[in-house]
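Peer 1: First the structure, which I've put down as structure tokens, then a few questions once you've had a look.
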Amino acid sequence: MAAQSGTGVPTGGGADGTDEVADLFRALGRQIKVARERAGLSQKELGDRIGYGEETISSVERARRTPQPELLVAVDRLLDCGGLLASAAEDVERAKTRRRVRHPEWFRDYARLEAEAVELRYFANQAVPGLFQTREYARAVFGSRQPFFDEETIEERVAARMTRQELMTRWPPPTVSAVVQETILRQPFGGPAVQRGQLEQLLRIGRLRHVEIQVMPTMSEEHAGMGGPFTLLTPKGKPQVAYLEVQHFSRLITDPEEVRVLAAKHGSIRGQALTPRESLRLLEKMLGDL
């Protein structure tokens, strides 16, 4: 028999709890809507009073967006729900944790290997590598995808990406080296505020002892990475593999010869890029120019 949450909504059941999590969010959305209408407030009026946009309130009520604990507490207090919504905050946190591990099926093999990685090497010329992205940058990436993701899928993918980043702070951490195309850093993807936050994040990460970030300058006359982005990954106790992803198609490469070719190419790319120290100075200058 399924376990019950504090809101009376089942939280057990399916193999990964996905259906029950969706039921929880739908129930909370209905409760917010009933309380709002009982108070005679529109979605915009409720949002204005608790500091959220009308679209956020609408999405939460329709279960298209995760009802954040802070929002539940604010609605509970404003609409005098007697602690019903506030008490669900812990259930929502558990539900978010369950959703964080839900990678797309095509990505799961790579994600399992990444969790065991002792070394990661990136070449990125389309977007900042996922392990380096801020939450806002990741949301802009998934929000710009075509065909479009719905709001719930965007939040799910962002949460999964943020959870993957825990790899960077574990002990011992993996050795990480990345070459990032300068044009990516100069593009105000998601807007100037998102760009600034992402540059600040790269500076923080680039100063970690186990991380080297290099910038491939736009003016470089040599470039071994014209074939596109790729990742090299070495799991603990296992051979190095490579991963390619382009136009929503992905490929995990385990053939030793193909991996060797990409590893050699990554070495050439690193030699053509700015040094890690020069790259940090460039990032600092770019941030100062914003």
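Chain identifiers are assigned as A, B, and so on, following the order in which chains appear in the structure tokens; residues are numbered from 1 within each chain, and ligands are numbered from 1 in order of appearance.
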I'd like the contact shell of stretch 189-202 of chain A - 9 Å cut-off, only C-alpha atoms, skipping same-chain residues fewer than 2 positions apart - returned as a list in words.

Peer 2: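 Neighbouring residues, sequence-local ones excluded: Val128, Phe132, Gln133, Thr134, Glu136, Tyr137, Arg139, Ala140, Val141, Ile184, Leu185, Arg186, Gln187, Arg204, Ile205, Gly206, Arg207, Ile213, Leu280, Leu283, Glu284, Met286, Leu287 and Leu290 of chain A.
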
Peer 1: Leaving out stretch 151-158 of chain A and any residue of its chain fewer than 5 positions from it, which residues lie within 7 Å of it when counting only C-alpha atoms, given as a list in words?

Peer 2: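 Those residues are Arg64, Arg65, Thr66, Arg99, Arg100, Arg135, Ala138, Arg139, Phe142 and Gly143 of chain A.
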
Peer 1: To test your reading of the structure, identify every residue in stretch 200-257 of chain A that backbone DSSP assigns to alpha helix (DSSP H), and report it as number ranges by chain.

Peer 2: A: 200-206, 256-257

Peer 1: The selected residues should be written to file as a PDB file, in the first residue's frame (atoms: N, CA, C and O atoms).

Peer 2:
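So the final result, stored in result-v3.pdb, reads:
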ATOM      1  N   GLU A 200      30.924  35.002 -13.282  1.00  0.00           N
ATOM      2  CA  GLU A 200      31.360  34.930 -11.885  1.00  0.00           C
ATOM      3  C   GLU A 200      31.519  33.476 -11.450  1.00  0.00           C
ATOM      4  O   GLU A 200      32.474  33.127 -10.747  1.00  0.00           O
ATOM      5  N   GLN A 201      30.590  32.638 -11.896  1.00  0.00           N
ATOM      6  CA  GLN A 201      30.665  31.209 -11.564  1.00  0.00           C
ATOM      7  C   GLN A 201      31.922  30.573 -12.158  1.00  0.00           C
ATOM      8  O   GLN A 201      32.613  29.795 -11.498  1.00  0.00           O
ATOM      9  N   LEU A 202      32.225  30.903 -13.405  1.00  0.00           N
ATOM     10  CA  LEU A 202      33.414  30.341 -14.050  1.00  0.00           C
ATOM     11  C   LEU A 202      34.692  30.782 -13.346  1.00  0.00           C
ATOM     12  O   LEU A 202      35.648  29.997 -13.226  1.00  0.00           O
ATOM     13  N   LEU A 203      34.711  32.013 -12.881  1.00  0.00           N
ATOM     14  CA  LEU A 203      35.880  32.481 -12.139  1.00  0.00           C
ATOM     15  C   LEU A 203      36.049  31.709 -10.834  1.00  0.00           C
ATOM     16  O   LEU A 203      37.163  31.322 -10.461  1.00  0.00           O
ATOM     17  N   ARG A 204      34.951  31.474 -10.137  1.00  0.00           N
ATOM     18  CA  ARG A 204      35.022  30.707  -8.886  1.00  0.00           C
ATOM     19  C   ARG A 204      35.517  29.288  -9.151  1.00  0.00           C
ATOM     20  O   ARG A 204      36.411  28.789  -8.458  1.00  0.00           O
ATOM     21  N   ILE A 205      34.948  28.651 -10.156  1.00  0.00           N
ATOM     22  CA  ILE A 205      35.318  27.270 -10.460  1.00  0.00           C
ATOM     23  C   ILE A 205      36.756  27.198 -10.956  1.00  0.00           C
ATOM     24  O   ILE A 205      37.512  26.293 -10.596  1.00  0.00           O
ATOM     25  N   GLY A 206      37.131  28.158 -11.800  1.00  0.00           N
ATOM     26  CA  GLY A 206      38.461  28.149 -12.383  1.00  0.00           C
ATOM     27  C   GLY A 206      39.578  28.324 -11.364  1.00  0.00           C
ATOM     28  O   GLY A 206      40.735  28.027 -11.665  1.00  0.00           O
ATOM     29  N   PRO A 256      38.188   2.086 -28.193  1.00  0.00           N
ATOM     30  CA  PRO A 256      39.476   2.670 -27.762  1.00  0.00           C
ATOM     31  C   PRO A 256      40.115   3.567 -28.804  1.00  0.00           C
ATOM     32  O   PRO A 256      40.690   4.611 -28.460  1.00  0.00           O
ATOM     33  N   GLU A 257      40.029   3.209 -30.072  1.00  0.00           N
ATOM     34  CA  GLU A 257      40.671   4.017 -31.108  1.00  0.00           C
ATOM     35  C   GLU A 257      39.957   5.350 -31.286  1.00  0.00           C
ATOM     36  O   GLU A 257      40.590   6.398 -31.433  1.00  0.00           O
TER      37      GLU A 257
END

Peer 1: Show me, as number ranges by chain, the residues that have an atom within 7 Å of stretch 275-277 of chain A when counting only C-alpha atoms, minus same-chain residues fewer than 2 positions from it.

Peer 2: A: 212-214, 273, 279-281

Peer 1: When you draw a straight line from atom CA of A:Glu245 to atom CA of A:Pro229, how long is it in Å?

Peer 2: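 Going from atom CA of A:Glu245 over to atom CA of A:Pro229 covers 7.6 Å.
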
Peer 1: Quick one: residues within 6 Å of stretch 80-92 of chain A, only C-alpha atoms, excluding same-chain residues fewer than 5 positions away - as a list in words?

Peer 2: Pro69, Leu72 and Val73 of chain A

Peer 1: Would you kindly return, as an mmCIF file with C-alpha atoms, in the first residue's frame, each protein, DNA or RNA residue with an atom no farther than 9 Å from any atom of stretch 170-176 of chain A, considering only C-alpha atoms and excluding same-chain residues fewer than 2 positions away?

Peer 2:
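Full text of out.cif as output:
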data_model
loop_
_atom_site.group_PDB
_atom_site.id
_atom_site.type_symbol
_atom_site.label_atom_id
_atom_site.label_comp_id
_atom_site.auth_asym_id
_atom_site.auth_seq_id
_atom_site.Cartn_x
_atom_site.Cartn_y
_atom_site.Cartn_z
ATOM 1 C CA GLU A 116 32.250 7.615 -11.002
ATOM 2 C CA ALA A 117 34.572 9.998 -12.846
ATOM 3 C CA VAL A 118 38.109 10.607 -11.675
ATOM 4 C CA GLU A 119 38.876 12.827 -14.688
ATOM 5 C CA LEU A 120 36.731 14.986 -16.969
ATOM 6 C CA ARG A 121 37.856 16.902 -20.037
ATOM 7 C CA TYR A 122 35.619 19.212 -22.049
ATOM 8 C CA GLU A 166 27.687 17.895 -6.553
ATOM 9 C CA LEU A 167 30.414 15.881 -8.280
ATOM 10 C CA MET A 168 32.578 19.015 -8.197
ATOM 11 C CA ALA A 178 37.795 22.482 -20.002
ATOM 12 C CA ARG A 209 42.769 23.419 -7.360
ATOM 13 C CA HIS A 210 41.333 20.487 -9.295
ATOM 14 C CA VAL A 211 39.946 22.561 -12.184
ATOM 15 C CA GLU A 212 41.621 24.198 -15.176
ATOM 16 C CA ILE A 213 39.522 26.388 -17.465
#

Peer 1: Using only C-alpha atoms, pick whichever of A:Asp23, A:Glu55, A:Glu182, A:Glu114 has the shortest atom-to-atom distance to A:Met216.

Peer 2: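 Checking each candidate against A:Met216, we get A:Glu182 as the closest.
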
Peer 1: Between atom CA of A:Ile57 and atom CA of A:Lys44, what distance in Å does the model show, to one decimal?

Peer 2: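 Computing it gives 7.7 Å between the two atoms.
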
Peer 1: Give the strand (DSSP E or B) residues of stretch 8-246 of chain A, as assigned by DSSP on the backbone, as a PyMOL selection string.

Peer 2: chain A and resi 10+117-124+175-181+211-216+230-235+241-246

Peer 1: Closest to A:Leu208 among A:Ile253, A:Ser177, A:Leu113, A:Thr163, using only C-alpha atoms?

Peer 2: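 For A:Leu208, the nearest of the candidates is A:Ser177.
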